[in-house]
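Data file: data01.cif. Format and content: mmCIF, C-alpha atoms.
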```
data_model
#
loop_
_atom_site.label_atom_id
_atom_site.label_comp_id
_atom_site.auth_asym_id
_atom_site.auth_seq_id
_atom_site.Cartn_x
_atom_site.Cartn_y
_atom_site.Cartn_z
CA MET A 157 -58.64 52.57 5.97
CA SER A 158 -59.64 52.44 2.77
CA ILE A 159 -58.72 53.89 -0.50
CA ARG A 160 -62.55 54.02 -0.72
CA HIS A 161 -62.86 56.84 1.73
CA GLY A 162 -59.83 58.58 0.30
CA LEU A 163 -61.46 58.65 -3.13
CA LEU A 164 -64.82 59.72 -1.71
CA ALA A 165 -63.12 62.62 0.09
CA LEU A 166 -61.46 63.71 -3.16
CA LEU A 167 -64.72 63.48 -5.11
CA GLU A 168 -66.35 65.66 -2.49
CA ARG A 169 -64.17 68.46 -3.92
CA GLY A 170 -65.73 67.94 -7.34
CA GLN A 171 -66.00 65.43 -10.16
CA MET A 172 -62.78 63.74 -11.28
CA TYR A 173 -61.67 60.91 -13.50
CA GLY A 174 -59.31 58.06 -12.59
CA TYR A 175 -55.94 59.63 -13.31
CA GLN A 176 -56.93 62.87 -11.61
CA LEU A 177 -57.99 60.90 -8.54
CA ARG A 178 -54.74 59.05 -8.40
CA ALA A 179 -52.70 62.24 -8.72
CA ALA A 180 -54.79 64.03 -6.10
CA PHE A 181 -54.55 61.08 -3.70
CA GLU A 182 -50.79 60.93 -3.97
CA GLU A 183 -50.52 64.67 -3.63
CA SER A 184 -52.48 64.72 -0.40
CA THR A 185 -50.46 61.88 1.12
CA GLY A 186 -47.17 63.23 -0.19
CA SER A 187 -46.53 60.08 -2.24
CA THR A 188 -46.16 58.17 1.03
CA TRP A 189 -48.96 55.96 -0.19
CA PRO A 190 -48.54 55.27 -3.89
CA LEU A 191 -51.64 54.00 -5.73
CA ASN A 192 -51.71 52.29 -9.06
CA ILE A 193 -54.39 53.19 -11.53
CA GLY A 194 -55.82 49.67 -11.35
CA GLN A 195 -56.57 50.15 -7.63
CA VAL A 196 -58.32 53.40 -8.44
CA TYR A 197 -60.60 51.85 -11.07
CA THR A 198 -61.35 48.74 -8.99
CA THR A 199 -62.30 50.96 -6.06
CA LEU A 200 -64.41 53.23 -8.27
CA SER A 201 -66.40 50.29 -9.64
CA ARG A 202 -67.07 49.02 -6.09
CA LEU A 203 -68.15 52.49 -5.01
CA GLU A 204 -70.43 52.63 -8.04
CA ARG A 205 -71.85 49.19 -7.22
CA ASP A 206 -72.63 50.42 -3.68
CA GLY A 207 -74.27 53.58 -4.98
CA LEU A 208 -71.70 55.90 -3.40
CA VAL A 209 -70.45 57.41 -6.67
CA ARG A 210 -71.96 57.71 -10.12
CA PRO A 211 -70.21 57.81 -13.50
CA LEU A 212 -70.79 60.79 -15.77
CA PRO A 213 -70.72 60.79 -19.57
CA GLU A 214 -67.30 60.34 -21.13
CA SER A 215 -65.46 63.46 -22.24
CA GLU A 216 -64.28 63.94 -25.80
CA ALA A 217 -60.85 62.76 -24.72
CA GLY A 218 -62.43 59.50 -23.61
CA GLN A 219 -62.14 60.19 -19.87
CA ARG A 220 -65.04 59.24 -17.67
CA PRO A 221 -65.42 61.47 -14.63
CA TYR A 222 -67.18 60.34 -11.47
CA GLU A 223 -69.19 62.30 -8.94
CA ILE A 224 -70.09 61.53 -5.35
CA THR A 225 -73.74 60.67 -4.53
CA ASP A 226 -75.73 61.65 -1.44
CA ALA A 227 -75.20 58.14 -0.08
CA GLY A 228 -71.48 58.62 -0.71
CA ARG A 229 -71.54 61.91 1.21
CA ALA A 230 -73.24 60.22 4.14
CA ASP A 231 -70.69 57.40 4.12
CA LEU A 232 -67.84 59.90 4.04
CA ALA A 233 -69.33 61.94 6.89
CA LEU A 234 -69.67 58.77 8.96
CA TRP A 235 -66.03 57.89 8.27
CA PHE A 236 -64.80 61.30 9.42
CA ALA A 237 -67.00 61.04 12.52
CA THR A 238 -65.83 57.57 13.54
CA PRO A 239 -62.50 57.12 15.33
CA ILE A 240 -60.18 54.50 13.88
CA SER A 241 -60.20 51.46 16.13
CA ARG A 242 -56.83 49.98 17.05
CA THR A 243 -58.23 46.48 16.67
CA ASP A 244 -58.96 47.17 13.00
CA ARG A 245 -55.27 47.57 12.31
CA PRO A 246 -53.08 44.67 11.35
CA ARG A 247 -51.26 42.88 14.16
CA ASP A 248 -47.83 44.17 14.91
CA GLU A 249 -45.38 41.73 13.39
CA LEU A 250 -42.48 43.28 15.25
CA ALA A 251 -44.02 42.67 18.70
CA ILE A 252 -44.72 39.09 17.72
CA LYS A 253 -41.21 38.64 16.35
CA LEU A 254 -39.61 39.89 19.57
CA ALA A 255 -41.87 37.76 21.71
CA LEU A 256 -40.87 34.73 19.67
CA ALA A 257 -37.20 35.74 19.80
CA LEU A 258 -37.43 35.63 23.60
CA THR A 259 -38.74 32.10 23.62
CA THR A 260 -36.72 30.67 20.72
CA PRO A 261 -33.42 29.03 21.70
CA GLY A 262 -30.27 30.42 20.15
CA VAL A 263 -31.71 33.83 19.22
CA ASP A 264 -29.79 36.87 20.49
CA VAL A 265 -32.71 39.11 21.39
CA ARG A 266 -30.53 42.17 21.91
CA SER A 267 -29.26 41.87 18.35
CA VAL A 268 -32.81 41.59 17.07
CA VAL A 269 -33.70 44.72 19.06
CA GLN A 270 -30.66 46.65 17.82
CA ALA A 271 -31.10 45.67 14.18
CA GLN A 272 -34.68 46.90 14.32
CA ARG A 273 -33.75 50.07 16.19
CA SER A 274 -31.13 50.95 13.60
CA ALA A 275 -33.55 50.34 10.73
CA THR A 276 -36.39 52.28 12.35
CA MET A 277 -34.02 55.10 13.24
CA ARG A 278 -32.91 55.33 9.63
CA ALA A 279 -36.52 55.46 8.47
CA LEU A 280 -37.04 58.26 10.98
CA GLN A 281 -34.07 60.15 9.55
CA GLU A 282 -35.53 59.81 6.08
CA LEU A 283 -38.93 61.05 7.20
CA THR A 284 -37.36 63.99 9.02
CA ARG A 285 -35.37 64.91 5.94
CA LEU A 286 -38.47 64.82 3.76
CA LYS A 287 -40.28 66.99 6.30
CA TYR A 288 -37.40 69.47 6.52
CA GLY A 289 -37.51 69.83 2.73
CA SER A 290 -41.20 70.77 2.65
CA ASP A 291 -42.14 73.89 4.52
CA ARG A 292 -44.49 75.58 2.07
CA PRO A 293 -48.00 76.20 3.42
CA GLU A 294 -49.50 73.95 0.74
CA ASP A 295 -47.32 71.09 2.01
CA LEU A 296 -49.26 70.97 5.28
CA PRO A 297 -51.34 67.84 4.52
CA TRP A 298 -48.20 65.99 3.54
CA ARG A 299 -46.29 67.24 6.59
CA LEU A 300 -49.04 65.94 8.86
CA VAL A 301 -48.88 62.52 7.21
CA LEU A 302 -45.10 62.54 7.63
CA ASP A 303 -45.48 63.63 11.26
CA SER A 304 -47.76 60.71 11.90
CA MET A 305 -45.15 58.35 10.51
CA VAL A 306 -42.43 60.13 12.51
CA PHE A 307 -44.35 59.70 15.76
CA GLN A 308 -45.03 56.03 15.01
CA ALA A 309 -41.36 55.40 14.32
CA GLU A 310 -40.46 57.26 17.50
CA ALA A 311 -42.89 55.15 19.49
CA GLU A 312 -41.33 52.03 18.05
CA VAL A 313 -37.82 53.11 19.03
CA ARG A 314 -39.02 53.97 22.54
CA TRP A 315 -40.65 50.61 22.83
CA LEU A 316 -37.43 48.91 21.65
CA ASP A 317 -35.48 50.88 24.29
CA HIS A 318 -37.99 49.72 26.84
CA CYS A 319 -37.61 46.11 25.67
CA GLU A 320 -33.85 46.33 25.99
CA THR A 321 -34.04 47.78 29.50
CA SER A 322 -36.44 45.02 30.49
CA LEU A 323 -34.09 42.41 29.04
CA VAL A 324 -31.17 43.77 31.03
CA ARG A 325 -33.23 43.93 34.19
CA HIS A 326 -35.15 40.69 34.07
CA ARG A 327 -33.38 38.21 31.84
CA PRO A 328 -29.61 38.32 32.05
CA GLY A 329 -29.15 35.16 30.01
CA VAL A 330 -31.72 33.15 31.94
CA PRO A 331 -33.75 30.83 29.72
CA PRO A 332 -37.36 31.95 29.49
CA PRO A 333 -40.09 30.07 31.33
CA PRO A 334 -42.24 27.85 29.13
CA PRO A 335 -45.12 29.96 27.84
CA SER A 336 -47.56 27.14 28.52
CA ARG A 337 -47.50 27.89 32.27
CA PRO A 338 -50.53 30.10 32.85
CA GLY A 339 -49.80 33.44 34.46
CA ASP A 340 -46.09 33.01 33.94
CA ALA A 341 -45.64 33.98 30.30
CA PRO A 342 -45.14 37.66 29.56
CA ASP A 343 -47.99 39.37 27.76
CA ALA A 344 -46.07 39.59 24.52
CA ALA A 345 -45.46 35.86 24.49
CA ARG A 346 -49.14 35.27 25.08
CA TRP A 347 -49.98 37.42 22.06
CA ALA A 348 -47.51 35.47 20.02
CA ASP A 349 -49.08 32.24 21.19
CA GLU A 350 -52.47 33.49 20.25
CA GLU A 351 -51.18 34.59 16.86
CA ALA A 352 -49.59 31.21 16.25
CA ARG A 353 -52.91 29.50 16.87
CA ARG A 354 -54.68 31.58 14.23
CA MET B 40 -2.24 68.83 10.13
CA SER B 41 -2.50 65.29 11.42
CA GLY B 42 -6.29 64.86 11.19
CA SER B 43 -8.26 62.64 8.85
CA ASP B 44 -8.70 64.74 5.67
CA ASP B 45 -11.36 67.40 6.28
CA ALA B 46 -12.78 66.13 9.58
CA VAL B 47 -13.93 68.84 11.98
CA LEU B 48 -13.97 66.39 14.87
CA GLU B 49 -12.14 63.13 15.12
CA LEU B 50 -12.01 60.69 18.03
CA ARG B 51 -9.33 58.04 17.69
CA ALA B 52 -9.72 54.95 19.85
CA VAL B 53 -10.71 57.12 22.78
CA GLN B 54 -10.89 55.58 26.22
CA ARG B 55 -12.04 57.21 29.42
CA THR B 56 -11.65 55.40 32.69
CA HIS B 57 -12.59 56.77 36.07
CA GLY B 58 -10.63 55.34 39.00
CA ALA B 59 -8.19 52.44 38.83
CA GLY B 60 -7.85 48.75 39.59
CA PRO B 61 -10.88 46.57 40.16
CA ALA B 62 -13.03 49.59 41.05
CA ALA B 63 -12.29 51.31 37.72
CA VAL B 64 -15.27 52.48 35.69
CA HIS B 65 -14.75 52.33 31.93
CA ALA B 66 -16.97 55.12 30.63
CA LEU B 67 -15.67 54.82 27.06
CA ARG B 68 -13.76 51.85 25.72
CA GLY B 69 -12.08 52.62 22.42
CA VAL B 70 -14.46 54.88 20.56
CA SER B 71 -13.54 56.19 17.10
CA LEU B 72 -15.69 58.72 15.31
CA VAL B 73 -15.20 61.22 12.48
CA VAL B 74 -17.55 64.15 11.91
CA ARG B 75 -17.13 66.19 8.72
CA PRO B 76 -18.42 69.65 7.72
CA GLY B 77 -22.13 69.63 6.95
CA GLU B 78 -22.64 66.51 9.02
CA LEU B 79 -24.76 66.09 12.12
CA VAL B 80 -24.16 62.90 14.06
CA ALA B 81 -26.61 61.85 16.74
CA VAL B 82 -25.41 59.69 19.62
CA MET B 83 -28.00 57.46 21.22
CA GLY B 84 -27.77 54.95 24.01
CA PRO B 85 -29.20 54.08 27.40
CA SER B 86 -28.29 56.04 30.53
CA GLY B 87 -24.72 55.30 31.55
CA SER B 88 -23.67 54.19 28.07
CA GLY B 89 -21.10 56.99 27.82
CA LYS B 90 -22.98 59.57 25.72
CA SER B 91 -22.19 62.58 27.87
CA THR B 92 -18.60 61.47 28.42
CA LEU B 93 -18.17 61.30 24.65
CA LEU B 94 -19.49 64.83 24.28
CA ALA B 95 -17.29 66.18 27.09
CA LEU B 96 -14.21 64.65 25.46
CA ALA B 97 -15.20 65.95 22.01
CA GLY B 98 -15.53 69.44 23.45
CA GLY B 99 -12.24 69.42 25.34
CA LEU B 100 -14.08 69.63 28.67
CA ASP B 101 -12.50 66.33 29.75
CA ARG B 102 -9.38 64.49 28.64
CA PRO B 103 -9.24 60.87 27.47
CA THR B 104 -7.35 58.23 29.47
CA ASP B 105 -6.08 56.90 26.15
CA GLY B 106 -6.55 57.71 22.47
CA GLU B 107 -6.77 61.11 20.84
CA VAL B 108 -9.30 63.86 20.14
CA LEU B 109 -8.67 66.22 17.20
CA ILE B 110 -10.55 69.38 16.29
CA GLU B 111 -9.92 70.50 12.72
CA GLY B 112 -6.77 68.42 12.73
CA GLN B 113 -5.46 69.87 16.01
CA PRO B 114 -4.83 67.19 18.66
CA LEU B 115 -6.31 68.52 21.90
CA GLY B 116 -3.74 66.59 23.95
CA ALA B 117 -1.00 68.83 22.57
CA LEU B 118 -2.61 72.00 23.92
CA ASP B 119 -2.02 73.52 27.33
CA ARG B 120 -4.91 74.76 29.44
CA ARG B 121 -4.83 78.18 27.92
CA GLY B 122 -4.65 76.93 24.33
CA LEU B 123 -7.49 74.54 24.98
CA ALA B 124 -9.67 77.28 26.50
CA GLN B 125 -9.05 79.46 23.48
CA LEU B 126 -9.88 76.69 21.03
CA ARG B 127 -13.09 75.97 22.92
CA ARG B 128 -14.18 79.60 22.80
CA ARG B 129 -13.38 80.07 19.13
CA ARG B 130 -14.35 76.86 17.47
CA ILE B 131 -16.85 75.01 19.63
CA GLY B 132 -20.42 75.90 20.50
CA TYR B 133 -22.13 74.04 23.34
CA ILE B 134 -25.85 73.63 23.81
CA PHE B 135 -26.83 71.96 27.05
CA GLN B 136 -30.13 71.21 28.68
CA GLN B 137 -29.11 73.60 31.44
CA LEU B 138 -28.87 76.89 29.64
CA ASN B 139 -26.40 78.59 31.99
CA LEU B 140 -27.49 82.06 30.92
CA LEU B 141 -26.21 84.78 33.22
CA GLY B 142 -29.19 86.54 34.78
CA SER B 143 -27.42 89.86 35.22
CA LEU B 144 -26.61 90.13 31.51
CA SER B 145 -29.03 90.89 28.68
CA ALA B 146 -29.66 88.32 25.94
CA ALA B 147 -27.23 90.09 23.59
CA GLU B 148 -24.59 90.37 26.33
CA ASN B 149 -24.91 86.67 27.10
CA VAL B 150 -24.38 85.83 23.44
CA ALA B 151 -21.47 88.28 23.07
CA LEU B 152 -19.70 87.08 26.21
CA PRO B 153 -17.57 84.30 24.65
CA LEU B 154 -16.41 86.71 21.93
CA GLU B 155 -15.49 89.38 24.47
CA LEU B 156 -13.65 86.85 26.61
CA ASP B 157 -11.71 86.09 23.47
CA GLY B 158 -10.71 89.72 23.07
CA ALA B 159 -13.26 90.93 20.52
CA GLY B 160 -14.14 94.62 20.76
CA GLY B 161 -17.49 95.49 22.32
CA ARG B 162 -19.04 96.86 19.16
CA ARG B 163 -18.00 93.93 16.99
CA ALA B 164 -19.08 91.42 19.63
CA ARG B 165 -22.46 93.13 19.89
CA ALA B 166 -22.94 93.08 16.10
CA LEU B 167 -22.11 89.36 15.90
CA ALA B 168 -24.39 88.66 18.87
CA MET B 169 -27.28 90.48 17.22
CA ALA B 170 -26.65 88.52 13.99
CA ALA B 171 -26.79 85.26 15.96
CA LEU B 172 -29.99 86.36 17.75
CA THR B 173 -31.51 87.18 14.37
CA GLU B 174 -30.51 83.75 13.10
CA VAL B 175 -32.48 82.13 15.94
CA GLY B 176 -35.49 84.37 15.33
CA LEU B 177 -35.02 86.86 18.19
CA PRO B 178 -33.90 90.01 16.38
CA THR B 179 -35.71 92.38 18.74
CA LEU B 180 -35.15 90.80 22.14
CA GLY B 181 -31.43 91.47 22.54
CA ASP B 182 -31.91 93.90 25.43
CA ARG B 183 -34.22 91.67 27.47
CA PHE B 184 -32.87 89.85 30.49
CA PRO B 185 -33.26 86.07 30.79
CA ASP B 186 -36.07 86.35 33.35
CA GLN B 187 -38.04 88.47 30.86
CA LEU B 188 -37.96 85.67 28.26
CA SER B 189 -40.01 82.50 27.91
CA GLY B 190 -38.34 79.10 28.25
CA GLY B 191 -38.27 78.66 24.50
CA GLN B 192 -36.77 82.13 24.00
CA GLN B 193 -34.10 81.44 26.64
CA GLN B 194 -33.21 78.23 24.84
CA ARG B 195 -32.85 80.21 21.61
CA VAL B 196 -30.53 82.67 23.31
CA ALA B 197 -28.42 79.74 24.51
CA ILE B 198 -28.31 78.46 20.94
CA ALA B 199 -27.36 81.88 19.59
CA ARG B 200 -24.50 81.86 22.11
CA ALA B 201 -23.40 78.46 20.80
CA LEU B 202 -23.60 79.56 17.16
CA VAL B 203 -22.17 83.09 17.49
CA GLY B 204 -19.16 83.94 15.37
CA GLU B 205 -17.66 81.20 13.28
CA ARG B 206 -17.95 78.11 15.39
CA ARG B 207 -17.24 75.07 13.23
CA LEU B 208 -18.31 72.47 15.78
CA VAL B 209 -21.60 72.46 17.64
CA LEU B 210 -22.06 70.02 20.51
CA ALA B 211 -25.54 69.54 21.90
CA ASP B 212 -26.66 67.47 24.89
CA GLU B 213 -30.44 67.00 24.98
CA PRO B 214 -30.78 70.55 23.65
CA THR B 215 -34.54 70.70 23.64
CA GLY B 216 -34.81 69.94 27.33
CA ALA B 217 -38.33 70.39 28.58
CA LEU B 218 -39.53 72.40 25.59
CA ASP B 219 -42.84 71.48 23.97
CA SER B 220 -42.68 69.52 20.76
CA GLN B 221 -43.08 72.47 18.36
CA THR B 222 -40.48 74.62 20.13
CA GLY B 223 -38.12 71.67 20.40
CA GLU B 224 -38.47 71.09 16.70
CA ALA B 225 -37.64 74.73 15.99
CA VAL B 226 -34.42 74.33 17.99
CA LEU B 227 -33.37 71.33 15.90
CA HIS B 228 -34.30 73.21 12.74
CA LEU B 229 -31.84 75.94 13.74
CA LEU B 230 -29.13 73.45 14.52
CA ARG B 231 -29.71 71.69 11.21
CA ARG B 232 -29.51 74.96 9.29
CA ARG B 233 -26.15 75.84 10.80
CA ILE B 234 -24.82 72.39 10.01
CA ASP B 235 -26.07 72.68 6.42
CA GLY B 236 -24.13 75.95 6.30
CA GLY B 237 -20.90 73.99 6.77
CA ALA B 238 -20.51 73.39 10.51
CA ALA B 239 -20.26 69.93 12.05
CA GLY B 240 -22.39 68.77 14.94
CA VAL B 241 -22.80 66.08 17.55
CA LEU B 242 -26.19 65.68 19.16
CA VAL B 243 -26.58 63.50 22.24
CA THR B 244 -30.17 62.53 22.79
CA HIS B 245 -32.41 59.70 23.92
CA GLU B 246 -35.28 61.03 21.79
CA ALA B 247 -35.49 59.18 18.50
CA ARG B 248 -37.50 62.01 16.95
CA HIS B 249 -34.63 64.40 17.63
CA ALA B 250 -31.98 61.99 16.42
CA GLY B 251 -34.01 61.85 13.20
CA TRP B 252 -32.52 65.23 12.28
CA ALA B 253 -29.05 63.72 12.03
CA ASP B 254 -27.23 62.49 8.95
CA ARG B 255 -25.96 59.52 10.91
CA VAL B 256 -27.02 57.98 14.19
CA VAL B 257 -24.50 56.01 16.26
CA PHE B 258 -25.48 53.78 19.14
CA LEU B 259 -23.40 53.57 22.29
CA ARG B 260 -23.70 50.73 24.72
CA ASP B 261 -21.46 50.22 27.76
CA GLY B 262 -18.89 52.65 26.39
CA VAL B 263 -18.63 51.01 22.96
CA LEU B 264 -20.09 52.15 19.62
CA VAL B 265 -22.14 49.13 18.66
CA ASP B 266 -23.97 50.26 15.56
CA THR B 267 -24.51 53.10 13.12
CA THR B 268 -27.25 53.89 10.62
CA ALA B 269 -26.43 53.76 6.92
CA PRO B 270 -25.82 57.12 5.19
CA LEU B 271 -28.92 58.84 3.81
CA GLY B 272 -29.53 59.64 0.17
CA SER B 273 -30.71 62.99 -1.16
CA VAL B 274 -34.33 64.10 -0.86
CA GLU B 275 -34.80 63.31 -4.55
CA GLN B 276 -33.55 59.77 -4.00
CA LEU B 277 -35.78 59.40 -0.96
CA LEU B 278 -38.82 60.53 -2.89
CA SER B 279 -38.18 58.20 -5.78
CA GLY B 280 -37.23 55.37 -3.42
CA SER B 281 -34.10 54.77 -5.46
CA ASP B 282 -31.82 54.45 -2.43
CA ARG B 283 -33.38 51.15 -1.51
#
```
Can you turn what I pasted into structure tokens?
Amino acid sequence: MSIRHGLLALLERGQMYGYQLRAAFEESTGSTWPLNIGQVYTTLSRLERDGLVRPLPESEAGQRPYEITDAGRADLALWFATPISRTDRPRDELAIKLALALTTPGVDVRSVVQAQRSATMRALQELTRLKYGSDRPEDLPWRLVLDSMVFQAEAEVRWLDHCETSLVRHRPGVPPPPPSRPGDAPDAARWADEEARR
Amino acid sequence: MSGSDDAVLELRAVQRTHGAGPAAVHALRGVSLVVRPGELVAVMGPSGSGKSTLLALAGGLDRPTDGEVLIEGQPLGALDRRGLAQLRRRRIGYIFQQLNLLGSLSAAENVALPLELDGAGGRRARALAMAALTEVGLPTLGDRFPDQLSGGQQQRVAIARALVGERRLVLADEPTGALDSQTGEAVLHLLRRRIDGGAAGVLVTHEARHAGWADRVVFLRDGVLVDTTAPLGSVEQLLSGSDR
């Protein structure tokens, strides 16, 4: 995702200048995604270059508001209509780390799993506390963002539990097979291999 | 008082072994834990790690093989059966996955039952039960019977029964059971509110999202506490990121 589409969505509400956009962006993501003003202006100039927004005359206070163009509206509509593809997201460093932990001598994989579980669990506690503290109706957009992060953290902990169970069941201290043997390496190790080759 | 300052619950090097000799099963192997007022501690761990044993010992439903359990400074080992039963009724609320509501009693009667068993008069018990039902959002359903309530409502009645009166310690074992995610969240919200009001709680769960409601999460593995999450800052600190 792009800050691009975030800004376009905000401008669809009406014209705004840089600082207003930044404040509105942070408000709608509950400050979970802080933006600096430089990012806002860089993005605005790219949007302007692509004809998706247009600058309006400066106000007396020296602020230049922007408005969305028809092309910008079309781009925004397309964004809302297109599902986010999982392959567009960055590779999961944690999965790669665990896969490497399995095949690296001298690494206690269970400790790696537990350290991550404890850290993710704490993040989940923080998110839950933030959510608990915001139950006004106008907090709904923020709560949904928090929920998304809560569910992702939960999925990560579940996956870590699953990893640990698999470790207990399949690898009680047995050295892993070399990942070079086709069909023998676990999927995760294959991903890691692939990643290493990039 | 022999407890650790203001702890509501304290486990001191608690062991629980089933059987003896080579066939002995060590369910808990030297677990120490302190839970203070206003604190909710979640216990996580794989099946068989000792979570439910820990909760049973904390609630005086089982006795340790070694070590000591104290509730508000009172060592449970020093109590006879009768004293222990009384302490359980007065100070400890239990929320289990199996609700154990009595089908022949109304919601309010189910909630009032522990108070009446403890000698409270009918009118007072009823008033406290209705207050607890109001707290869980069921102020008008006191005269319904369990089979006239939805699953979520039944769970709320069970929670009202656990919270009724002045219970200082709430013990919950997978309290949201098979409830959908919204209803389950409402249950944890209630639990959290009571804890914030000064009670102490222990929540056994394998659901990370539920453990997220706790102030501290401890991890059990093979009967040993292997890890605990760092204490959380205030919401203000979280928002400003200053706890990192």
Any idea which chain A residues end up within 7 Å of chain B if we count only C-alpha atoms, as a PyMOL selection string please? chain A and resi 274+277-278+280-281+284-286+306+310+313
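Atom CA of B:Arg120 lies 18.7 Å from atom CA of B:Glu155.
Closest approach to B:Val82 among B:Leu229, B:Leu218, B:Val263, B:Ile131: B:Val263, based on all atoms listed in the file.
Applied to the file shown here, the PyMOL selection byres ((chain A and resi 206) around 12) selects Arg160, Thr199, Leu200, Ser201, Arg202, Leu203, Glu204, Arg205, Gly207, Leu208, Val209, Arg210, Ile224, Thr225, Asp226, Ala227, Gly228 and Asp231 of chain A.
Between atom CA of B:Gln187 and atom CA of B:Ser145 lies a distance of 9.6 Å.
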Step by step, work through what the PyMOL selection byres ((chain B and resi 167) around 9) selects in the shown file, and finish by giving those residues as a list of chain:residue names. B:Val150, B:Ala151, B:Leu154, B:Arg162, B:Arg163, B:Ala164, B:Arg165, B:Ala166, B:Ala168, B:Met169, B:Ala170, B:Ala171, B:Leu172, B:Val203, B:Gly204
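For the file at hand, the PyMOL selection byres ((chain A and resi 301) around 12) resolves to Glu182, Glu183, Ser184, Thr185, Gly186, Ser187, Thr188, Trp189, Leu283, Thr284, Leu286, Lys287, Asp295, Leu296, Pro297, Trp298, Arg299, Leu300, Leu302, Asp303, Ser304, Met305, Val306, Phe307 and Gln308 of chain A.
Computed from the coordinates, the atom CA of B:Leu115 to atom CA of B:Arg128 distance equals 13.6 Å.
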Excluding B:Leu138 and residues on its chain fewer than 6 positions from it, collect all residues at most 9 Å away from it, counting all atoms listed in the file, and give them as a VMD selection string. chain B and resid 193 to 194 196 to 198 214
Show which residues sit within 9 Å of stretch 86-93 of chain B, as an mmCIF file with C-alpha atoms, in the frame of the given file. Count only C-alpha atoms, and ignore same-chain residues fewer than 5 positions away.
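Contents of around_12.cif, freshly written:
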```
data_model
loop_
_atom_site.group_PDB
_atom_site.id
_atom_site.type_symbol
_atom_site.label_atom_id
_atom_site.label_comp_id
_atom_site.auth_asym_id
_atom_site.auth_seq_id
_atom_site.Cartn_x
_atom_site.Cartn_y
_atom_site.Cartn_z
ATOM 1 C CA VAL B 53 -10.710 57.120 22.780
ATOM 2 C CA ARG B 55 -12.040 57.210 29.420
ATOM 3 C CA HIS B 65 -14.750 52.330 31.930
ATOM 4 C CA ALA B 66 -16.970 55.120 30.630
ATOM 5 C CA LEU B 67 -15.670 54.820 27.060
ATOM 6 C CA VAL B 70 -14.460 54.880 20.560
ATOM 7 C CA GLY B 98 -15.530 69.440 23.450
ATOM 8 C CA ASP B 101 -12.500 66.330 29.750
ATOM 9 C CA ASP B 212 -26.660 67.470 24.890
ATOM 10 C CA VAL B 243 -26.580 63.500 22.240
ATOM 11 C CA THR B 244 -30.170 62.530 22.790
ATOM 12 C CA HIS B 245 -32.410 59.700 23.920
ATOM 13 C CA LEU B 259 -23.400 53.570 22.290
ATOM 14 C CA ARG B 260 -23.700 50.730 24.720
ATOM 15 C CA ASP B 261 -21.460 50.220 27.760
ATOM 16 C CA GLY B 262 -18.890 52.650 26.390
ATOM 17 C CA VAL B 263 -18.630 51.010 22.960
#
```
Polymer residues at most 12 Å from B:Leu123, all atoms listed in the file, same-chain spacing of 3 or more positions, as a ChimeraX atom specification: /B:96-102,108-110,113-120,126-131
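If you count all atoms listed in the file and draw a sphere of 9 Å around (-56.4, 59.4, -4.3), the protein and nucleic acid residues inside it come out as A:Ile159, A:Arg160, A:Gly162, A:Leu163, A:Leu164, A:Ala165, A:Leu166, A:Gly174, A:Gln176, A:Leu177, A:Arg178, A:Ala179, A:Ala180, A:Phe181, A:Glu182, A:Glu183, A:Ser184, A:Thr185, A:Pro190, A:Leu191, A:Val196.
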Counting only C-alpha atoms, which of B:Gly223, B:Gly190, B:Gly122, B:Pro185 gets nearest to B:Ser143? B:Pro185
Repaired coordinates for stretch 195-203 of chain B (N, CA and C atoms) as a PDB file, in the coordinates of the input:
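Full text of result35.pdb as output:
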```
ATOM      1  N   ARG B 195     -33.366  79.629  22.850  1.00  0.00           N
ATOM      2  CA  ARG B 195     -32.850  80.210  21.610  1.00  0.00           C
ATOM      3  C   ARG B 195     -31.640  81.100  21.861  1.00  0.00           C
ATOM      4  N   VAL B 196     -31.683  81.836  22.970  1.00  0.00           N
ATOM      5  CA  VAL B 196     -30.530  82.670  23.310  1.00  0.00           C
ATOM      6  C   VAL B 196     -29.303  81.778  23.532  1.00  0.00           C
ATOM      7  N   ALA B 197     -29.535  80.660  24.242  1.00  0.00           N
ATOM      8  CA  ALA B 197     -28.420  79.740  24.510  1.00  0.00           C
ATOM      9  C   ALA B 197     -27.866  79.185  23.187  1.00  0.00           C
ATOM     10  N   ILE B 198     -28.768  78.962  22.240  1.00  0.00           N
ATOM     11  CA  ILE B 198     -28.310  78.460  20.940  1.00  0.00           C
ATOM     12  C   ILE B 198     -27.553  79.540  20.185  1.00  0.00           C
ATOM     13  N   ALA B 199     -28.064  80.767  20.243  1.00  0.00           N
ATOM     14  CA  ALA B 199     -27.360  81.880  19.590  1.00  0.00           C
ATOM     15  C   ALA B 199     -25.943  81.984  20.165  1.00  0.00           C
ATOM     16  N   ARG B 200     -25.818  81.794  21.483  1.00  0.00           N
ATOM     17  CA  ARG B 200     -24.500  81.860  22.110  1.00  0.00           C
ATOM     18  C   ARG B 200     -23.599  80.749  21.578  1.00  0.00           C
ATOM     19  N   ALA B 201     -24.205  79.579  21.314  1.00  0.00           N
ATOM     20  CA  ALA B 201     -23.400  78.460  20.800  1.00  0.00           C
ATOM     21  C   ALA B 201     -23.002  78.683  19.341  1.00  0.00           C
ATOM     22  N   LEU B 202     -23.845  79.408  18.596  1.00  0.00           N
ATOM     23  CA  LEU B 202     -23.600  79.560  17.160  1.00  0.00           C
ATOM     24  C   LEU B 202     -22.840  80.845  16.814  1.00  0.00           C
ATOM     25  N   VAL B 203     -22.710  81.753  17.793  1.00  0.00           N
ATOM     26  CA  VAL B 203     -22.170  83.090  17.490  1.00  0.00           C
ATOM     27  C   VAL B 203     -20.766  83.002  16.890  1.00  0.00           C
TER      28      VAL B 203
END
```
